[in-house]
Amino acid sequence: MGGRAKRTPIDAFVVLPGEGTPIQGPVGGQTVIKARTETTGGSFAMMENLVPPLQGPPLHRHDREDEMWYVVDGHFRFLADGKLLDAPTGSLVFVPRGVAHRFQNTGTAAAKILVMFTPAG
């Protein structure tokens, strides 16, 4: 048995621009699911979020998943474990599971972020 974790078999894939599953985002803007449990064998999930100006989720935590964001366009402020983190375009923000966090688009226009959870939930 060798101590290796058993992985669900998955195939390589690409999600082209404009593809994915659109849903209403949790903070008002559109969210497009780019990768989910079924396509990644449960290893991660990824979404593209359009966040309206001055919007963001309330303080919350994930007990099972690490969460990370890549700021595609715009400027965000994160609060994680009591620390304020400034995240302009091109920034990567990582918050480990169990850490209370929230974020806000601090700009005057909609901003775009990629959100990834690992493992997928």
# chains A, B, ... in the order shown; residues from 1 in each chain; ligands from 1

$ residues_around --residues "Gly82 in chain A" --least-positions-apart "2" --cutoff "10 Å" --atoms "only C-alpha atoms" --output "list of chain:residue names"
A:Phe78, A:Leu79, A:Ala80, A:Leu84, A:Leu85, A:Val99, A:Ala100, A:His101

$ residues_around --residues "Gly107 in chain A" --least-positions-apart "2" --cutoff "8 Å" --atoms "only C-alpha atoms" --output "list in words"
Pro53, Leu54, Gly74, His75, Phe76, Asn105, Ala109, Ala110 and Ala111 of chain A

$ closest_residue --among "A:Gln30, A:Thr39, A:Asn49, A:Gln55" --to "Val72 in chain A" --atoms "only C-alpha atoms"
A:Asn49

$ closest_atom_pairs --of "range 26-103 of chain A" --to "range 17-22 of chain A" --cutoff "9 Å" --atoms "only C-alpha atoms" --output "Markdown table"
| residue | atom | partner | partner_atom | distance |
| --- | --- | --- | --- | --- |
| A:Gln30 | CA | A:Pro22 | CA | 6.8 |
| A:Thr31 | CA | A:Pro22 | CA | 5.7 |
| A:Val32 | CA | A:Pro22 | CA | 4.2 |
| A:Ile33 | CA | A:Thr21 | CA | 4.9 |
| A:Lys34 | CA | A:Gly20 | CA | 4.9 |
| A:Ala35 | CA | A:Gly20 | CA | 7.9 |
| A:Met47 | CA | A:Gly20 | CA | 8.7 |

$ atom_distance --atom1 "CA of Leu16 in chain A" --atom2 "CA of Gln104 in chain A"
27.5 Å

$ select_by_dssp --residues "range 15-86 of chain A" --states "alpha helix (DSSP H)" --output "mmCIF file with C-alpha atoms, in the first residue's frame"
data_model
loop_
_atom_site.group_PDB
_atom_site.id
_atom_site.type_symbol
_atom_site.label_atom_id
_atom_site.label_comp_id
_atom_site.auth_asym_id
_atom_site.auth_seq_id
_atom_site.Cartn_x
_atom_site.Cartn_y
_atom_site.Cartn_z
ATOM 1 C CA THR A 37 -14.533 19.181 -7.590
ATOM 2 C CA GLU A 38 -15.617 17.019 -10.540
ATOM 3 C CA THR A 39 -12.986 18.406 -12.931
ATOM 4 C CA THR A 40 -10.054 18.466 -10.489
#

$ atom_distance --atom1 "CA of Thr89 in chain A" --atom2 "CA of Ala12 in chain A"
28.5 Å

$ atom_distance --atom1 "CA of Arg77 in chain A" --atom2 "CA of Val93 in chain A"
10.1 Å

$ select_by_dssp --residues "chain A" --states "strand (DSSP E)" --output "PyMOL selection string"
chain A and resi 21-24+30-35+45-51+66-73+75-80+83-88+92-95+101-105+111-118

$ closest_residue --among "A:Gln24, A:Thr106, A:Ser91, A:Ser43" --to "Glu65 in chain A" --atoms "only C-alpha atoms"
A:Ser43
